[in-house]
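Visitor: Input: one structure, supplied below.
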Amino acid sequence: MDGLVAEVGSALLPALHLPCLPQHFYRAASSHEHKLSFKKSKEVCLSYIQDAILQKQWKRAAEFLTFYIESIEKDYSIEYMGPSEIIWRVGTEILCNHSHGSIGEFNSFIEQMKTLGVKRYLKVCLEHAFHLLCNGLIDEAYQNLSLAESWRFGEQTTAQDKEMKLVQAYRGLLDYYSWSKQKNTLLEYEKEGFEDSSVEREMHSCFRKAAMSLKEIIKIPGVWDLFVKSYVDLLEFYGDHQEAREVLSEYAYNSKFPTNPNAHVYFYQFLKRHGASKKSLVSALKILHDIVPSHELMIDFNIMLQKSKKRKKRRLGLEVIFAALDYAGTKENVKAWSCLARQVKQIVISEKHLDWIKEEWNSRKDWWPAFHFSRYLAKRNWQENESLTYEKALVAGVLLGKDCKYFKYVSHQGCKAQVKRFRTLKKFVNRHGPICLRISGL
């Protein structure tokens with residue numbers, strides 16, 4: 001640790017200078033008073049470190065950490081304060097962000113951290129691997145994880161067992177990366193009419209190692225998106241579609257796993273890739289709708305439901321698209337507004353199921369006008385996106401009538417610019433004025 005302090009204090013930084021520390025950091029004290037003073041000093045020093053990190057003052061944070069380490073070394077014989085995790089986490093953050101930091105210094109620091117606490121060894125190894133990956137050092141990261149995988153110390157605790165599975169899973173992810181590279185190379189060779197048995201052997205070897213590790217981690221309840229996607233890709237490539245489907249179904253529907261929208265997205269995308277029935281696709285998206293009503297796939301869901309001959313599904317389609325547009329993320333989504341405009345227009349023309357629109361509008365009429373249909377938004381939408389403006393104006397005209405600020409501004413600008421569809425839009429709303437009034441409740 002002396003080497004580390006010297007390295008951080010001299011090689012990277014100017015001489016330690018701590019003018020803003022309180023005087024009691026330096027004052028001589030009795031044994032009892034010394035313990036209390038040291039504890040207080042340590043807490044104050046940590047607060048300075050935290051403040052420096054939050055302000056991204058990495059040089060200042062390094063100085064305080066140096067002081068913190070020196071203080072602990074001086075008082076180590078008096079009372080063990082268990083500081084190794086603080087030093088590891090703070091030191092890692094500083095070295096990752098310090099303008100003079102280097103991968104060599106980070107490696108040196110992290111290797112020392114591995115020796116400070118047996119219980120944290122695997123966590124430190126994982127963080128080391130992540131840092132190496134972020135710096136493009138994939139082979140070094142793989143070697144680091146392989147060494148961690150072979151590490152043993154006494155009886156393995158439950159926590160260490162989970163951490164070991166995580167180490168193995170990330171090593172498996174790198175095996176998957178190698179497999180993917182070999183697969184692409186092999187496919188290129190096949191296009192050019194070449195054969196290379198060594199590449200194929202290496203690819204299959206990577207597959208076996210990756211599949212074994214990835215299969216284990218996804219059995220544990222958790223959010224394992226990257227691991228699941230990689231494992232399913234392996235299975236699909238080798239034609240094991242049934243196993244892939246079971247993995248994705250388990251990941252999405254097993255109640256022991258935390259609720260995860262991505263799990264349902266992956267399952268739906270798999271079903272769609274393999275030509276599953278419309279009923280299966282609707283079922284998968286219905287659950288996603290219940291979890292994330294604003295998800296981008298809700299537009300596909302609405303289109304699918306609108307095409308149904310069943311009234312119940314078309315009703316659900318209207319509910320789905322209204323719910324999607326409740327969120328700021330879809331506020332200017334042309335496809336979403338187009339879906340709503342199309343369905344609303346069909347209902348108004350047929351004069352059937354007007355109650356569907358009224359039911360959806362009743363819970364929104366107090367806040368949608370300001371959220372979607374203000375004059376300010378009409379001006380901005382008109383300037384930025386004519387297609388969006390058209391779809392929104394049609395919906396606004398039906399829901400709020402021809403006197404709606406949004407509709408009035410847009411229809412006026414459209415007619416002024418002699419854009420035919422805006423003239424048609426104005427005629428449509430005027431012609432169906434009584435129906436629009438019934439919907440708006442005015």
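Lettering and numbering for the structure tokens are positional, with chains as A, B, ... in the shown order, residues counted from 1 in each chain, and ligands counted from 1 in the shown order.
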Report as number ranges by chain: the residues of stretch 30-238 of chain A with a DSSP assignment of alpha helix (DSSP H), based on the backbone of this structure.
Guide: A: 31-54, 58-75, 84-97, 103-114, 121-134, 138-149, 158-191, 197-217, 225-237
Visitor: Would you mind listing what lies within 8 Å of A:Leu288 as a ChimeraX atom specification, with only C-alpha atoms counted and same-chain residues fewer than 5 positions away left out?
Guide: /A:261,264-265,293,295
Visitor: Go ahead and save the picked residues with N, CA, C and O atoms, as a PDB file, in the first residue's frame.
Guide:
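Okay, this is what ended up in selection_39.pdb:
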ATOM      1  N   PRO A 261     -39.782  -6.025 -18.701  1.00  0.00           N
ATOM      2  CA  PRO A 261     -40.390  -5.827 -20.024  1.00  0.00           C
ATOM      3  C   PRO A 261     -39.579  -6.434 -21.158  1.00  0.00           C
ATOM      4  O   PRO A 261     -40.140  -6.979 -22.114  1.00  0.00           O
ATOM      5  N   HIS A 264     -40.341 -10.003 -22.201  1.00  0.00           N
ATOM      6  CA  HIS A 264     -41.529 -10.180 -23.041  1.00  0.00           C
ATOM      7  C   HIS A 264     -41.253  -9.726 -24.482  1.00  0.00           C
ATOM      8  O   HIS A 264     -41.797 -10.307 -25.431  1.00  0.00           O
ATOM      9  N   VAL A 265     -40.423  -8.706 -24.631  1.00  0.00           N
ATOM     10  CA  VAL A 265     -40.029  -8.247 -25.973  1.00  0.00           C
ATOM     11  C   VAL A 265     -39.256  -9.353 -26.690  1.00  0.00           C
ATOM     12  O   VAL A 265     -39.529  -9.675 -27.856  1.00  0.00           O
ATOM     13  N   PRO A 293     -47.268   0.305 -21.037  1.00  0.00           N
ATOM     14  CA  PRO A 293     -48.227   0.727 -22.071  1.00  0.00           C
ATOM     15  C   PRO A 293     -47.658   1.692 -23.108  1.00  0.00           C
ATOM     16  O   PRO A 293     -48.251   1.867 -24.171  1.00  0.00           O
ATOM     17  N   HIS A 295     -44.657   1.311 -24.564  1.00  0.00           N
ATOM     18  CA  HIS A 295     -43.603   0.665 -25.348  1.00  0.00           C
ATOM     19  C   HIS A 295     -43.842   0.846 -26.842  1.00  0.00           C
ATOM     20  O   HIS A 295     -44.982   0.836 -27.322  1.00  0.00           O
TER      21      HIS A 295
END
Visitor: So that I can see what lies close to A:Ile138, please list as an MDAnalysis selection string the residues with an atom at most 9 Å from it, counting only C-alpha atoms and leaving out residues fewer than 5 positions away in the same chain.
Guide: chainID A and resid 129 132:133 143 174
Visitor: Once you have the residues from the selection above, write them out as an mmCIF file, in the first residue's frame, restricted to N, CA and C atoms.
Guide:
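So result-v4.cif came out as:
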data_model
loop_
_atom_site.group_PDB
_atom_site.id
_atom_site.type_symbol
_atom_site.label_atom_id
_atom_site.label_comp_id
_atom_site.auth_asym_id
_atom_site.auth_seq_id
_atom_site.Cartn_x
_atom_site.Cartn_y
_atom_site.Cartn_z
ATOM 1 N N ALA A 129 -12.213 -6.818 -14.795
ATOM 2 C CA ALA A 129 -12.554 -7.294 -16.139
ATOM 3 C C ALA A 129 -13.376 -6.254 -16.902
ATOM 4 N N LEU A 132 -11.113 -3.491 -18.120
ATOM 5 C CA LEU A 132 -10.305 -3.942 -19.256
ATOM 6 C C LEU A 132 -11.143 -3.971 -20.538
ATOM 7 N N LEU A 133 -12.380 -4.433 -20.418
ATOM 8 C CA LEU A 133 -13.274 -4.476 -21.580
ATOM 9 C C LEU A 133 -13.572 -3.075 -22.101
ATOM 10 N N GLN A 143 -8.564 -13.486 -19.648
ATOM 11 C CA GLN A 143 -7.555 -14.113 -18.785
ATOM 12 C C GLN A 143 -7.847 -13.816 -17.320
ATOM 13 N N LEU A 174 -17.779 -13.717 -23.134
ATOM 14 C CA LEU A 174 -16.625 -13.493 -24.008
ATOM 15 C C LEU A 174 -16.400 -14.686 -24.941
#
Visitor: Would you pick out the contacts of A:Tyr376 at 12 Å or less, using only C-alpha atoms, so that residues sharing its chain but fewer than 6 positions from it are not included, and give the list as an mmCIF file with N, CA and C atoms, in the first residue's frame?
Guide:
data_model
loop_
_atom_site.group_PDB
_atom_site.id
_atom_site.type_symbol
_atom_site.label_atom_id
_atom_site.label_comp_id
_atom_site.auth_asym_id
_atom_site.auth_seq_id
_atom_site.Cartn_x
_atom_site.Cartn_y
_atom_site.Cartn_z
ATOM 1 N N PRO A 369 -56.055 18.129 -23.643
ATOM 2 C CA PRO A 369 -56.027 19.379 -24.411
ATOM 3 C C PRO A 369 -54.753 20.195 -24.189
ATOM 4 N N ALA A 370 -54.319 20.307 -22.930
ATOM 5 C CA ALA A 370 -53.080 21.046 -22.643
ATOM 6 C C ALA A 370 -51.839 20.236 -23.016
ATOM 7 N N TRP A 382 -46.718 22.370 -36.715
ATOM 8 C CA TRP A 382 -46.887 22.807 -38.095
ATOM 9 C C TRP A 382 -45.540 23.166 -38.726
ATOM 10 N N GLN A 383 -44.678 23.796 -37.946
ATOM 11 C CA GLN A 383 -43.359 24.199 -38.447
ATOM 12 C C GLN A 383 -42.432 22.997 -38.640
ATOM 13 N N LYS A 405 -58.496 24.750 -30.339
ATOM 14 C CA LYS A 405 -57.392 25.650 -30.722
ATOM 15 C C LYS A 405 -56.433 24.976 -31.698
ATOM 16 N N TYR A 406 -56.109 23.736 -31.418
ATOM 17 C CA TYR A 406 -55.160 23.016 -32.274
ATOM 18 C C TYR A 406 -55.743 22.846 -33.676
ATOM 19 N N PHE A 407 -56.986 22.359 -33.725
ATOM 20 C CA PHE A 407 -57.624 22.111 -35.017
ATOM 21 C C PHE A 407 -57.794 23.408 -35.814
ATOM 22 N N TYR A 409 -56.118 26.268 -35.688
ATOM 23 C CA TYR A 409 -54.847 26.819 -36.177
ATOM 24 C C TYR A 409 -54.328 25.991 -37.360
ATOM 25 N N VAL A 410 -54.337 24.680 -37.200
ATOM 26 C CA VAL A 410 -53.766 23.809 -38.232
ATOM 27 C C VAL A 410 -54.601 23.845 -39.509
#
Visitor: With only C-alpha atoms as the counted atoms, please give the residues lying no more than 8 Å from A:Cys125, apart from itself and same-chain residues fewer than 6 positions off, as a list of chain:residue names.
Guide: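 Contacts, in chain order: A:Lys114, A:Asn144, A:Leu145, A:Ala148.
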Visitor: Can you tell me, as JSON, numbers by chain, what residues are no more than 12 Å from A:Glu195 when counting only C-alpha atoms, ignoring any on the same chain fewer than 6 positions away?
Guide: {"A": [185, 186, 187, 188, 189, 201]}
Visitor: Write the residues of the selection above to a file with all heavy atoms, as a compact mmCIF listing (two decimals), in the first residue's frame.
Guide:
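Listing of selection-v3.txt after writing:
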# COMPACT_ATOMS: atom_id res chain seq x y z
N THR A 185 -16.68 -15.17 -39.68
CA THR A 185 -15.55 -15.54 -40.55
C THR A 185 -15.92 -16.74 -41.42
O THR A 185 -15.66 -16.77 -42.63
CB THR A 185 -14.31 -15.89 -39.70
OG1 THR A 185 -13.95 -14.75 -38.91
CG2 THR A 185 -13.13 -16.28 -40.58
N LEU A 186 -16.55 -17.74 -40.78
CA LEU A 186 -16.94 -18.96 -41.49
C LEU A 186 -17.97 -18.66 -42.58
O LEU A 186 -17.89 -19.20 -43.70
CB LEU A 186 -17.51 -19.97 -40.50
CG LEU A 186 -17.51 -21.44 -40.92
CD1 LEU A 186 -16.09 -21.94 -41.16
CD2 LEU A 186 -18.20 -22.28 -39.86
N LEU A 187 -18.93 -17.79 -42.27
CA LEU A 187 -19.96 -17.42 -43.25
C LEU A 187 -19.34 -16.68 -44.44
O LEU A 187 -19.76 -16.88 -45.59
CB LEU A 187 -21.03 -16.54 -42.59
CG LEU A 187 -21.92 -17.25 -41.57
CD1 LEU A 187 -22.84 -16.24 -40.87
CD2 LEU A 187 -22.75 -18.36 -42.22
N GLU A 188 -18.34 -15.86 -44.17
CA GLU A 188 -17.64 -15.16 -45.26
C GLU A 188 -16.89 -16.15 -46.15
O GLU A 188 -16.89 -16.03 -47.38
CB GLU A 188 -16.64 -14.14 -44.67
CG GLU A 188 -17.29 -12.87 -44.13
CD GLU A 188 -18.00 -12.08 -45.20
OE1 GLU A 188 -17.45 -11.94 -46.32
OE2 GLU A 188 -19.12 -11.61 -44.94
N TYR A 189 -16.25 -17.13 -45.49
CA TYR A 189 -15.53 -18.17 -46.25
C TYR A 189 -16.50 -18.94 -47.16
O TYR A 189 -16.18 -19.24 -48.32
CB TYR A 189 -14.83 -19.14 -45.31
CG TYR A 189 -13.55 -18.60 -44.68
CD1 TYR A 189 -12.87 -19.32 -43.70
CD2 TYR A 189 -13.01 -17.38 -45.09
CE1 TYR A 189 -11.70 -18.84 -43.13
CE2 TYR A 189 -11.84 -16.89 -44.53
CZ TYR A 189 -11.19 -17.61 -43.55
OH TYR A 189 -10.04 -17.13 -42.99
N ARG A 201 -13.85 -25.78 -36.01
CA ARG A 201 -13.57 -26.44 -34.72
C ARG A 201 -13.50 -25.42 -33.59
O ARG A 201 -14.04 -25.64 -32.50
CB ARG A 201 -12.26 -27.23 -34.80
CG ARG A 201 -12.38 -28.56 -35.52
CD ARG A 201 -11.18 -29.44 -35.22
NE ARG A 201 -9.91 -28.80 -35.59
CZ ARG A 201 -9.36 -28.88 -36.81
NH1 ARG A 201 -9.98 -29.56 -37.77
NH2 ARG A 201 -8.22 -28.28 -37.07
Visitor: Nearest to A:Leu271: which of A:Leu147, A:Leu297, A:Ala284, A:Ile220 is it, counting only C-alpha atoms?
Guide: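 Smallest separation from A:Leu271 among the options: A:Ala284.
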Visitor: Which one of A:Phe227, A:Phe67, A:Phe130, A:Trp361 sits closest to A:Asn107 if you count only C-alpha atoms?
Guide: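 Distance minimum relative to A:Asn107 lands on A:Phe130.
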Visitor: If we count only C-alpha atoms and set the cut-off at 10 Å, which residues sit around stretch 329-335 of chain A, ignoring sequence neighbours fewer than 2 positions away in its own chain? Please answer as a ChimeraX atom specification.
Guide: /A:294-296,299-300,324-327,337-341,371-372,381,385-392
Visitor: By how many Å are atom CA of A:Phe267 and atom CA of A:Arg245 apart?
Guide: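 These atoms are spaced 7.5 Å apart.
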Visitor: Of the residues A:Phe194, A:Tyr48, A:Tyr268, A:Tyr231, which is the one nearest to A:Tyr177, using only C-alpha atoms?
Guide: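 Checking each candidate against A:Tyr177, we get A:Tyr231 as the closest.
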